[in-house]
Amino acid sequence: MNRMIPANLPAHVLLQAMAANFNFRPRYRKYLKSTTGWIDFSVGFRTRASTIAQTIRFRGGRAAVRPRVLRDADAVIVFEDDAAFMDMLSHSSEEVMTMMLRNRIRVQGNHLCVLLFYFLMSLLIEELEGNGISLNGGKTARNGNKPGNAFSLPDRPSLRRKAVLTTGRTGPGVKYLEDPYLSGYSIEDFPRLGRFLAAHFNTMPEVCPERAKLLTDWHIRHGFEKKRSGEPWIPELRQAHAFKYLMENKQPIIRDEDLIAGTTTSMPIGAVMYPDSQGMFIWPELRTMSTREMNPCRISKHTAKVLHHHVFPFWMRRNIKLWVGEKYDNPLCEQIGDHLVAYILSKSVALSHTIADFPKLLALGTRGIRDEIERELASEDIDKQKRYTLEAMELCLEGVDAYALNLAAHARKLADQEQNPARKTELERLAQICARVPMNPPETLDEAVNAIWIGWVALHMENTNVGLSLGRMDQWLQPFFDADMQKCETPEQRDECIKHAIRLVSCFFLRCTDHIPLSPDVGKHVVGGAPANQAVTLGGVTPDGRDAVNDMTYIFLKVTEMLAIRDPNVNARYHPGVNTDTYLKRLCEVNLVTTASPSMHNDTAVMTSLEEFDYPVEEARDWSSTGCVEPTISGKHIGHTGCMMMNMVAALEMALNNGLHPLMNWQVGPKTGRVDNGAFPAFEDFFNAFKTQFEFLIANAVQYNNYLGEAHSVMRPTPLLSSLISDCIANGKDLTKGGARHNSSGIACIGLADVTDSMLAIKKFVYDDRFITFAELKDAVDSNFKKHAMLHAMIMNKAPRFGSGSQEALDMANRITKITHDAFASHRNFRGGIYTTGFWSMSNHVAFGTLTGALPSGRLAGSPFTPGLTPQACSASSLLDNIHDVARLDPRNMSNNIAFNIKVVPAAGESHEKSVNDIFSYVKTYFDLGGMQIQLNVVNTETLRDAMAHPENYQNLLVRISGYNAYFTTLTKELQLELIHRAEFGI
Amino acid sequence: MSGEPLIFEIKRNSLDDGPGIRTVIFFKGCPLSCPWCQNPEGRRPRVDISFDRKKCIGCKTCIKVCKKSALDRHPQYFIEREKCDLCFECADNCPTGALARVGRHIPVQEIVDSVVRDIPFFNTSGGGVTLSGGEATLFMPYASSLLQALKLNGVSALLETCGHFDFDAFDELMYPWLDAIYYDLKILDPEWHRKICGVPNDRILANFERLHARALKGGVPVLPRIPLVPRLTAVKPNLRALAAYLKKHRVKKLSLLPYNPLWQDKMIMVGMPGAYEQAGWMPERDIKLCRSFFKRFELV
């Protein structure tokens with residue numbers, strides 16, 4: 001029995017007080033009710049030393065407190081110590097999240113029940129703090145992206161320069177554009193785009209419950225695990241029926257003036273709710289998220305009610321992550337993952353980081369795809385599971401068609417009401433289009449763009465909006481542009497046709513901004529300011545190896561330049577020797593104008609990195625970027641390229657501490673030897689210890705990812721996406737089960753430069769020069785170099801560094817990428833595919849950095865790691881060494897691509913042409929030398945600092961973090977400073 | 001000049017010393033003594049020691065290792081140069097590089113090795129190597145072998161010069177391997193030139209005229225450059241005279257170099273007292289005024 005020792009007593013009393021409030025005060029008790037009955041759950045509390053042990057249990061609308069941790073508690077919150085418990089009570093939900101990141105609080109069991117507990121607690125705290133119970137508090141948000149702020153078009157000369165270069169017709173694929181740079185057009189030529197852009201910047205996103213509510217309605221009626229009849233559901237069919245219901249009942253919306261019909265959400269800009277993946281993380285914030293400091297998101301009272309009483313209670317025991325915890329009894333790999341400092345797996349959110357087969361949708365229409373399914377169904381040797389799977393795909397496609405027809409009817413209705421004849425014509429056209437596509441193959445550009453958009457909406461109703469990507473749109477749309485141009489007879493008609501193509505693509509880009517990922521406040525650290533990352537890929541080569549740059553490539557680049565928005569995430573392929581300098585120069589110019597887009601890739605290096613997978617060459621040539629930068633074979637490949645953020649530095653810290661991770665304060669890894677015990681007579685001994693720890697973490701991360709993959713096959717098959725990925729139909733297998741032609745899982749490894757430089761410093765000072773002992777170095781590191789200023793200065797100035805042009809440093813970096821690659825490559829995922837290894841970081845170089853102590857590289861405790869695999873800012877005085885070293889990393893170890901950031905600043909008064917030429921020289925040489933990917937920020941530190949001080953003037957300041965674009969003002973201070981501290985190279 | 005030629009910096013990734021991306025080789029030693037010299041550490045043709053207060057963390061390692069007690073943290077220059085015997089113990093032991101050796105003899109091959117790494121950047125940008133200083137023509141035999149080695153590697157070379165050299169030697173040793181010459185013209189009045197820059201300018205002008213005459217006939221292009229130094233070169237009579245002189249010699253293109261004050265910290269680092277006081281950057285208004293004297297030329 002538990003003794004009531006002092007720290008335990010206040011805990012008991014506080015929980016009793018909470019229970020009493022919920023038992024006796026109706027204003028609180030009503031929160032225990034769901035649309036299907038009382039919400040029953042229990043949460044235990046204990047400290048690591050068991051000085052606290054309590055459970056609060058809610059059952060049948062009554063709360064009770066037990067002075068021990070009940071064995072059947074849904075979840076147990078483990079506190080580092082008594083103080084952590086007291087802090088939790090007084091902290092905001094955001095601060096509690098930070099406590100979790102700092103490993104002062106951990107959750108065992110059903111984390112969703114803990115979120116519910118926090119929400120209930122937040123109700124009481126609000127009253128204690130005298131805020132009353134209102135849905136919106138009085139705090140105002142810090143960031144500038146809120147309604148009411150006047151926004152003018154992005155024409156401030158300091159921020160946006162006008163593109164001025166022109167060029168003659170160029171490249172074999174460009175058939176119509178006399179000046180492919182399209183320098184004659186600007187946003188002023190397209191008034192409606194200016195209005196859309198203003199709406200994009202001035203509308204606060206709002207939580208959209210539509211998808212969640214419709215799905216929950218359907219499941220309450222028809223069951224999830226079992227049907228009403230008691231018969232277990234076939235997961236594929238369950239998902240398909242629910243999806244079809246969703247699509248049939250989803251509100252058809254056409255935005256004023258838009259040329260594209262349909263929306264992902266019923267809000268002007270919506271945060272789509274996916275309770276079946278990460279959506280429920282906002283539970284504790286239901287009442288506060290509209291006033292949170294960073295990236296506030298409006299939520300109506302009605303939405304909060306629907307979510308709390310209807311949606312969340314249904315899903316609180318149905319979740320990808322929970323499934324793993326229950327089936328595998330909270331395995332070690334999950335426990336490590338829950339600490340959020342060694343690896344973060346996004347498979348609990350979605351595995352739809354991929355490129356759907358839009359060419360197929362355009363070529364066959366849903367009708368043609370259904371015919372294909374019918375033929376499979378008609379074959380003789382078909383087994384039951386295959387039949388179910390194929391039927392599920394058909395149901396989903398029917399759902400898509402139903403939505404398109406609803407849009408057509410809605411367009412017709414709007415057209416009938418419309419007074420303005422020009423708009424009336426447009427609406428009538430939209431009605432025609434939606435009645436035809438995507439059911440039938442499109443014939444014109446406006447039909448093709450609308451078909452893709454309707455498909456895109458549908459895919460997002462099935463799959464979470466993180467990193468689902470659009471692929472090679474310039475390739476896929478060129479035939480339709482071509483067909484439209486062929487019909488033109490006069491030069492005026494041709495001009496109008498080109499202008500209309502720019503307008504359509506712009507509308508499409510702005511349509512893509514109608515949704516954002518729903519993120520809890522803590523998300524600002526992990527995916528700071530990230531949009532849905534809908535990657536578009538341009539240029540490169542055709543499947544038969546010819547120059548793929550065409551008219552539409554340049555039209556997409558014009559749109560990228562004019563709009564300068566963060567999403568879609570534009571990626572451009574450059575194939576040395578095939579693509580022209582004119583094209584590469586244009587990519588550089590668009591970067592200069594937008595300050596951060598597109599990201600540029602070297603086709604040759606990317607394809608070299610893919611060689612080990614034996615993709616047929618014409619398929620490898622058809623790769624597209626996914627999410628951030630990662631290559632996926634378009635339409636044929638489930639590569640879940642963003643499945644894992646792996647902190648390489650965690651393994652280094654464990655090697656320095658004999659398997660103990662300092663922040664987790666846990667002897668989690670194997671004992672590889674103590675630094676202060678002379679366990680490492682030679683440098684190689686220490687390197688091997690690092691390798692052992694890293695392989696240990698990798699093996700666990702992979703196992704967890706595989707468990708989550710299995711959970712998807714049960715909880716969340718995706719029949720619609722499966723119908724749009726090659727071979728799922730022929731195999732009769734959902735893609736979550738490995739139905740796709742190619743399968744893999746892709747990793748983002750974070751901290752390469754930090755680990756490399758640390759290894760080099762250890763090698764030089766401890767082993768080569770014998771300047772200090774390893775124990776002394778570790779002492780200095782453990783004390784954050786306090787009292788070791790001279791050693792710190794030596795390391796900062798005299799140690800070899802990756803990016804400095806040192807051959808030794810380059811060899812070390814190549815060696816570390818190779819052991820990383822080989823360790824991952826030795827594993828297989830749940831779908832039978834390989835693991836690919838990449839070196840980019842989203843914003844986790846900052847998140848992981850804040851959780852990490854000082855390093856032998858001289859990096860101080862809590863500072864960010866470098867973004868992606870970018871060398872340290874102090875590594876070289878000349879940009880050329882950075883470029884040289886990154887370019888000479890072996891692409892074969894980087895099959896999930898890289899993010900190499902450079903910040904360049906044109907000198908004041910420099911001509912536009914010279915700036916473009918200078919950037920071109922760097923980028924071209926980097927590619928000539930074999931570099932794989934490069935992304936630019938063309939902005940100076942003063943501008944960034946001014947934007948921190950006056951965010952209201954810089955709403956549209958676009959920056960590239962690591963792989964993705966964000967608006968600078970939506971980033972955390974830590975992330976903003978990281979951008980400021982990046983090396984700045986004048987040009 | 002006696003002794004081996006010294007190089008005080010090899011600067012890569014320069015975008016301001018000729019076309020494209022360039023590597024600039026800075027020679028140590030100059031026959032002129034212009035008081036605004038942008039690279040004062042390059043004036044003396046011998047080894048120097050420099051101290052950068054911004055980099056110093058005050059660890060006193062240098063003071064401990066100095067055998068001549070020539071270091072003291074308090075005075076402006078840190079190093080008592082009359083005591084210092086340039087043994088460089090302090091620089092070798094300085095953890096931050098605040099103390100550093102200025103000037104090193106570098107074998108031609110070593111320079112070439114560091115240059116060729118960047119050939120891919122030269123090729124995409126139309127860049128190459130620039131010989132600067134100091135004054136490279138003080139060391140013609142060495143410069144000549146460097147230029148020839150660069151040529152062998154297909155690297156284009158540009159010379160920045162003050163023009164105060166022996167024409168025949170230049171013609172034999174350097175001219176054949178140059179792709180362009182940036183030729184500084186500072187002051188046209190011979191007396192004023194001697195007073196300010198320490199040498200007369202007759203040779204400078206004569207050399208310029210011969211090189212420019214050749215350039216007009218298809219020889220190595222020569223670009224005259226005029227540093228705009230308030231009160232010294234950027235004065236009306238001088239600018240007017242220079243414009244007339246250049247026009248007389250049928251010069252079409254030239255470059256104006258507005259004054260910048262970045263050299264002053266360097267003076268202190270190498271322990272040289274400043275002889276010219278002008279703290280700020282040249283205002284745009286003054287630059288415009290200077291430009292107005294050269295309306296008939298293409299300014300690059």
# chains A, B, ... in the order shown; residues from 1 in each chain; ligands from 1

call {"tool": "closest_atom_pairs", "arguments": {"of": "chain B", "to": "chain A", "cutoff": "6 Å", "atoms": "only C-alpha atoms", "output": "JSON lines"}}
result
{"residue": "B:Pro95", "atom": "CA", "partner": "A:Met794", "partner_atom": "CA", "distance": 4.5}
{"residue": "B:Thr96", "atom": "CA", "partner": "A:Ala793", "partner_atom": "CA", "distance": 5.5}
{"residue": "B:Pro120", "atom": "CA", "partner": "A:Thr925", "partner_atom": "CA", "distance": 5.9}
{"residue": "B:Phe121", "atom": "CA", "partner": "A:Thr925", "partner_atom": "CA", "distance": 5.5}
{"residue": "B:Thr124", "atom": "CA", "partner": "A:Ser921", "partner_atom": "CA", "distance": 5.3}
{"residue": "B:Ser125", "atom": "CA", "partner": "A:Ser921", "partner_atom": "CA", "distance": 5.1}

call {"tool": "residues_around", "arguments": {"residues": "segment 47-54 of chain B", "least_positions_apart": "2", "cutoff": "12 Å", "atoms": "only C-alpha atoms", "output": "number ranges by chain"}}
result
B: 3-8, 27-29, 40-45, 56-58, 62, 70-81, 84-92, 94, 96-105, 265-272

call {"tool": "closest_residue", "arguments": {"among": "A:Tyr767, A:Phe694, A:Phe281, A:Tyr28", "to": "Thr820 of chain A", "atoms": "only C-alpha atoms"}}
result
A:Phe694

call {"tool": "atom_distance", "arguments": {"atom1": "atom CA of His212 of chain B", "atom2": "atom CA of Phe294 of chain B"}}
result
18.1 Å

call {"tool": "residues_around", "arguments": {"residues": "Tyr175 of chain B", "least_positions_apart": "5", "cutoff": "12 Å", "atoms": "only C-alpha atoms", "output": "MDAnalysis selection string"}}
result
chainID B and resid 137 140 143:144 147:148 157:159 166:170 180:181 211 214:215 219:222

call {"tool": "residues_around", "arguments": {"residues": "Leu216 of chain B", "least_positions_apart": "5", "cutoff": "12 Å", "atoms": "only C-alpha atoms", "output": "NGL selection string"}}
result
:B and (209-211 or 221-223 or 249-253)

call {"tool": "write_last_selection", "arguments": {"atoms": "N, CA and C atoms", "output": "short mmCIF file (atom, residue, chain, number, x, y, z; two decimals), in the first residue's frame"}}
result
data_model
loop_
_atom_site.label_atom_id
_atom_site.label_comp_id
_atom_site.auth_asym_id
_atom_site.auth_seq_id
_atom_site.Cartn_x
_atom_site.Cartn_y
_atom_site.Cartn_z
N GLU B 209 50.60 54.63 -71.54
CA GLU B 209 50.38 55.01 -72.94
C GLU B 209 50.83 53.89 -73.88
N ARG B 210 51.96 53.27 -73.58
CA ARG B 210 52.43 52.18 -74.46
C ARG B 210 51.49 50.98 -74.41
N LEU B 211 51.07 50.61 -73.19
CA LEU B 211 50.18 49.45 -73.08
C LEU B 211 48.84 49.74 -73.74
N PRO B 221 43.88 43.83 -73.21
CA PRO B 221 43.04 44.96 -72.82
C PRO B 221 43.52 45.60 -71.52
N VAL B 222 43.47 46.93 -71.51
CA VAL B 222 43.90 47.67 -70.33
C VAL B 222 42.74 48.52 -69.85
N LEU B 223 42.39 48.36 -68.58
CA LEU B 223 41.31 49.16 -68.02
C LEU B 223 41.89 50.12 -66.99
N HIS B 249 44.11 60.16 -75.18
CA HIS B 249 44.67 58.85 -75.58
C HIS B 249 43.60 57.88 -76.06
N ARG B 250 42.47 58.41 -76.39
CA ARG B 250 41.39 57.63 -76.99
C ARG B 250 40.97 56.45 -76.11
N VAL B 251 40.91 56.70 -74.81
CA VAL B 251 40.38 55.68 -73.89
C VAL B 251 38.86 55.76 -73.92
N LYS B 252 38.19 54.61 -73.97
CA LYS B 252 36.73 54.60 -74.05
C LYS B 252 36.08 54.20 -72.71
N LYS B 253 36.81 53.32 -72.02
CA LYS B 253 36.20 52.67 -70.86
C LYS B 253 37.09 52.86 -69.66
#

call {"tool": "residues_around", "arguments": {"residues": "Ala149 of chain B", "least_positions_apart": "2", "cutoff": "10 Å", "atoms": "only C-alpha atoms", "output": "list of chain:residue names"}}
result
B:Val108, B:Gln109, B:Ile111, B:Val112, B:Ala143, B:Ser144, B:Ser145, B:Leu146, B:Leu147, B:Lys151, B:Leu152, B:Asn153, B:Gly154, B:Val155, B:Trp177

call {"tool": "residues_around", "arguments": {"residues": "Ser783 of chain A", "least_positions_apart": "3", "cutoff": "10 Å", "atoms": "only C-alpha atoms", "output": "PyMOL selection string"}}
result
chain A and resi 777-780+786-788+853-854+860-861

call {"tool": "residues_around", "arguments": {"residues": "segment 966-969 of chain A", "least_positions_apart": "2", "cutoff": "8 Å", "atoms": "only C-alpha atoms", "output": "PyMOL selection string"}}
result
chain A and resi 143-145+529-531+566+944+947-948+951+954-961+964+971+976

call {"tool": "closest_atom_pairs", "arguments": {"of": "segment 604-657 of chain A", "to": "segment 360-377 of chain A", "cutoff": "12 Å", "atoms": "only C-alpha atoms", "output": "tab-separated table"}}
result
residue	atom	partner	partner_atom	distance
A:Ser634	CA	A:Lys360	CA	10.9
A:Gly635	CA	A:Lys360	CA	8.4
A:Lys636	CA	A:Lys360	CA	10.9

call {"tool": "select_by_dssp", "arguments": {"residues": "segment 135-201 of chain B", "states": "strand (DSSP E)", "output": "list in words"}}
result
Ala157, Leu158, Leu159, Glu160, Thr161, Ala180, Ile181, Tyr182, Tyr183 and Asp184 of chain B

call {"tool": "write_last_selection", "arguments": {"atoms": "N, CA and C atoms", "output": "short mmCIF file (atom, residue, chain, number, x, y, z; two decimals), in the first residue's frame"}}
result
data_model
loop_
_atom_site.label_atom_id
_atom_site.label_comp_id
_atom_site.auth_asym_id
_atom_site.auth_seq_id
_atom_site.Cartn_x
_atom_site.Cartn_y
_atom_site.Cartn_z
N ALA B 157 44.51 35.09 -66.51
CA ALA B 157 45.15 35.88 -65.46
C ALA B 157 45.01 37.36 -65.74
N LEU B 158 44.79 38.10 -64.68
CA LEU B 158 44.60 39.54 -64.75
C LEU B 158 45.58 40.18 -63.77
N LEU B 159 46.14 41.31 -64.16
CA LEU B 159 47.06 42.02 -63.28
C LEU B 159 46.43 43.33 -62.82
N GLU B 160 46.50 43.57 -61.51
CA GLU B 160 46.17 44.90 -61.01
C GLU B 160 47.49 45.57 -60.68
N THR B 161 47.76 46.73 -61.29
CA THR B 161 49.08 47.33 -61.12
C THR B 161 49.01 48.83 -60.91
N ALA B 180 44.40 40.39 -69.10
CA ALA B 180 43.86 41.74 -68.91
C ALA B 180 44.70 42.47 -67.87
N ILE B 181 44.68 43.80 -67.97
CA ILE B 181 45.41 44.62 -67.01
C ILE B 181 44.48 45.68 -66.46
N TYR B 182 44.39 45.76 -65.15
CA TYR B 182 43.69 46.86 -64.49
C TYR B 182 44.77 47.83 -64.02
N TYR B 183 44.71 49.03 -64.56
CA TYR B 183 45.83 49.95 -64.42
C TYR B 183 45.40 51.17 -63.62
N ASP B 184 45.97 51.33 -62.42
CA ASP B 184 45.54 52.43 -61.56
C ASP B 184 46.19 53.75 -61.96
#

call {"tool": "closest_residue", "arguments": {"among": "B:Trp36, B:Cys162, B:Thr130, B:Ser14", "to": "Gln278 of chain B", "atoms": "only C-alpha atoms"}}
result
B:Trp36

call {"tool": "select_by_dssp", "arguments": {"residues": "segment 385-456 of chain A", "states": "helix (DSSP H, G or I)", "output": "JSON, numbers by chain"}}
result
{"A": [385, 386, 387, 388, 389, 390, 391, 392, 393, 394, 395, 396, 397, 398, 399, 400, 401, 402, 403, 404, 405, 406, 407, 408, 409, 410, 411, 412, 413, 414, 415, 416, 417, 421, 422, 423, 424, 425, 426, 427, 428, 429, 430, 431, 432, 433, 434, 435, 436, 445, 446, 447, 448, 449, 450, 451, 452, 453, 454, 455, 456]}

call {"tool": "decode", "arguments": {"residues": "segment 81-163 of chain B", "atoms": "C-alpha atoms", "output": "PDB file, in the first residue's frame"}}
result
ATOM      1  CA  ARG B  81      57.618  46.158 -32.597  1.00  0.00           C
ATOM      2  CA  GLU B  82      61.052  47.434 -31.705  1.00  0.00           C
ATOM      3  CA  LYS B  83      61.373  44.527 -29.260  1.00  0.00           C
ATOM      4  CA  CYS B  84      59.762  41.876 -31.467  1.00  0.00           C
ATOM      5  CA  ASP B  85      62.201  39.667 -33.398  1.00  0.00           C
ATOM      6  CA  LEU B  86      59.442  38.072 -35.483  1.00  0.00           C
ATOM      7  CA  CYS B  87      59.988  34.568 -34.111  1.00  0.00           C
ATOM      8  CA  PHE B  88      56.174  33.957 -34.391  1.00  0.00           C
ATOM      9  CA  GLU B  89      56.057  31.762 -31.289  1.00  0.00           C
ATOM     10  CA  CYS B  90      53.042  33.800 -30.195  1.00  0.00           C
ATOM     11  CA  ALA B  91      51.213  33.408 -33.504  1.00  0.00           C
ATOM     12  CA  ASP B  92      51.911  29.694 -33.583  1.00  0.00           C
ATOM     13  CA  ASN B  93      50.413  29.279 -30.119  1.00  0.00           C
ATOM     14  CA  CYS B  94      47.506  31.685 -30.418  1.00  0.00           C
ATOM     15  CA  PRO B  95      44.303  29.598 -30.166  1.00  0.00           C
ATOM     16  CA  THR B  96      42.157  32.050 -32.087  1.00  0.00           C
ATOM     17  CA  GLY B  97      44.486  33.329 -34.779  1.00  0.00           C
ATOM     18  CA  ALA B  98      44.347  36.884 -33.364  1.00  0.00           C
ATOM     19  CA  LEU B  99      48.111  37.011 -33.759  1.00  0.00           C
ATOM     20  CA  ALA B 100      49.182  36.080 -37.256  1.00  0.00           C
ATOM     21  CA  ARG B 101      52.096  36.115 -39.595  1.00  0.00           C
ATOM     22  CA  VAL B 102      51.677  38.416 -42.584  1.00  0.00           C
ATOM     23  CA  GLY B 103      53.658  37.386 -45.627  1.00  0.00           C
ATOM     24  CA  ARG B 104      55.003  34.018 -46.551  1.00  0.00           C
ATOM     25  CA  HIS B 105      57.080  32.829 -49.433  1.00  0.00           C
ATOM     26  CA  ILE B 106      54.963  30.365 -51.329  1.00  0.00           C
ATOM     27  CA  PRO B 107      56.454  28.211 -54.070  1.00  0.00           C
ATOM     28  CA  VAL B 108      54.731  28.709 -57.414  1.00  0.00           C
ATOM     29  CA  GLN B 109      53.514  25.136 -57.472  1.00  0.00           C
ATOM     30  CA  GLU B 110      51.776  25.554 -54.137  1.00  0.00           C
ATOM     31  CA  ILE B 111      49.878  28.569 -55.418  1.00  0.00           C
ATOM     32  CA  VAL B 112      48.929  26.722 -58.558  1.00  0.00           C
ATOM     33  CA  ASP B 113      47.671  23.786 -56.486  1.00  0.00           C
ATOM     34  CA  SER B 114      45.375  26.002 -54.519  1.00  0.00           C
ATOM     35  CA  VAL B 115      44.194  27.809 -57.639  1.00  0.00           C
ATOM     36  CA  VAL B 116      43.340  24.799 -59.774  1.00  0.00           C
ATOM     37  CA  ARG B 117      40.783  23.559 -57.233  1.00  0.00           C
ATOM     38  CA  ASP B 118      38.575  26.412 -58.305  1.00  0.00           C
ATOM     39  CA  ILE B 119      38.922  26.002 -62.065  1.00  0.00           C
ATOM     40  CA  PRO B 120      35.333  24.709 -62.317  1.00  0.00           C
ATOM     41  CA  PHE B 121      34.133  27.999 -60.795  1.00  0.00           C
ATOM     42  CA  PHE B 122      36.346  30.007 -63.190  1.00  0.00           C
ATOM     43  CA  ASN B 123      34.915  28.121 -66.128  1.00  0.00           C
ATOM     44  CA  THR B 124      31.256  28.675 -65.331  1.00  0.00           C
ATOM     45  CA  SER B 125      31.723  32.312 -64.396  1.00  0.00           C
ATOM     46  CA  GLY B 126      34.441  33.467 -66.806  1.00  0.00           C
ATOM     47  CA  GLY B 127      36.776  34.075 -63.882  1.00  0.00           C
ATOM     48  CA  GLY B 128      40.421  33.299 -63.177  1.00  0.00           C
ATOM     49  CA  VAL B 129      43.353  34.618 -61.193  1.00  0.00           C
ATOM     50  CA  THR B 130      44.154  38.228 -60.359  1.00  0.00           C
ATOM     51  CA  LEU B 131      47.646  39.327 -59.292  1.00  0.00           C
ATOM     52  CA  SER B 132      47.315  42.144 -56.833  1.00  0.00           C
ATOM     53  CA  GLY B 133      49.096  43.495 -53.840  1.00  0.00           C
ATOM     54  CA  GLY B 134      51.173  45.304 -52.990  1.00  0.00           C
ATOM     55  CA  GLU B 135      52.547  45.294 -56.436  1.00  0.00           C
ATOM     56  CA  ALA B 136      53.198  42.096 -58.362  1.00  0.00           C
ATOM     57  CA  THR B 137      55.562  43.775 -60.847  1.00  0.00           C
ATOM     58  CA  LEU B 138      58.100  44.190 -58.075  1.00  0.00           C
ATOM     59  CA  PHE B 139      58.679  40.443 -58.360  1.00  0.00           C
ATOM     60  CA  MET B 140      58.701  39.849 -62.074  1.00  0.00           C
ATOM     61  CA  PRO B 141      60.708  36.632 -62.344  1.00  0.00           C
ATOM     62  CA  TYR B 142      58.505  34.957 -59.749  1.00  0.00           C
ATOM     63  CA  ALA B 143      55.312  36.448 -61.162  1.00  0.00           C
ATOM     64  CA  SER B 144      56.423  35.320 -64.586  1.00  0.00           C
ATOM     65  CA  SER B 145      56.765  31.682 -63.607  1.00  0.00           C
ATOM     66  CA  LEU B 146      53.427  31.866 -61.779  1.00  0.00           C
ATOM     67  CA  LEU B 147      51.706  33.307 -64.866  1.00  0.00           C
ATOM     68  CA  GLN B 148      53.222  30.666 -67.101  1.00  0.00           C
ATOM     69  CA  ALA B 149      52.125  27.881 -64.763  1.00  0.00           C
ATOM     70  CA  LEU B 150      48.610  29.297 -64.702  1.00  0.00           C
ATOM     71  CA  LYS B 151      48.541  29.485 -68.473  1.00  0.00           C
ATOM     72  CA  LEU B 152      49.598  25.839 -68.665  1.00  0.00           C
ATOM     73  CA  ASN B 153      46.574  25.011 -66.534  1.00  0.00           C
ATOM     74  CA  GLY B 154      44.305  27.067 -68.744  1.00  0.00           C
ATOM     75  CA  VAL B 155      43.626  29.684 -66.088  1.00  0.00           C
ATOM     76  CA  SER B 156      43.147  33.216 -67.303  1.00  0.00           C
ATOM     77  CA  ALA B 157      45.155  35.883 -65.461  1.00  0.00           C
ATOM     78  CA  LEU B 158      44.605  39.544 -64.752  1.00  0.00           C
ATOM     79  CA  LEU B 159      47.064  42.023 -63.279  1.00  0.00           C
ATOM     80  CA  GLU B 160      46.169  44.900 -61.007  1.00  0.00           C
ATOM     81  CA  THR B 161      49.079  47.330 -61.118  1.00  0.00           C
ATOM     82  CA  CYS B 162      50.181  50.787 -60.089  1.00  0.00           C
ATOM     83  CA  GLY B 163      52.181  50.965 -63.329  1.00  0.00           C
TER      84      GLY B 163
END
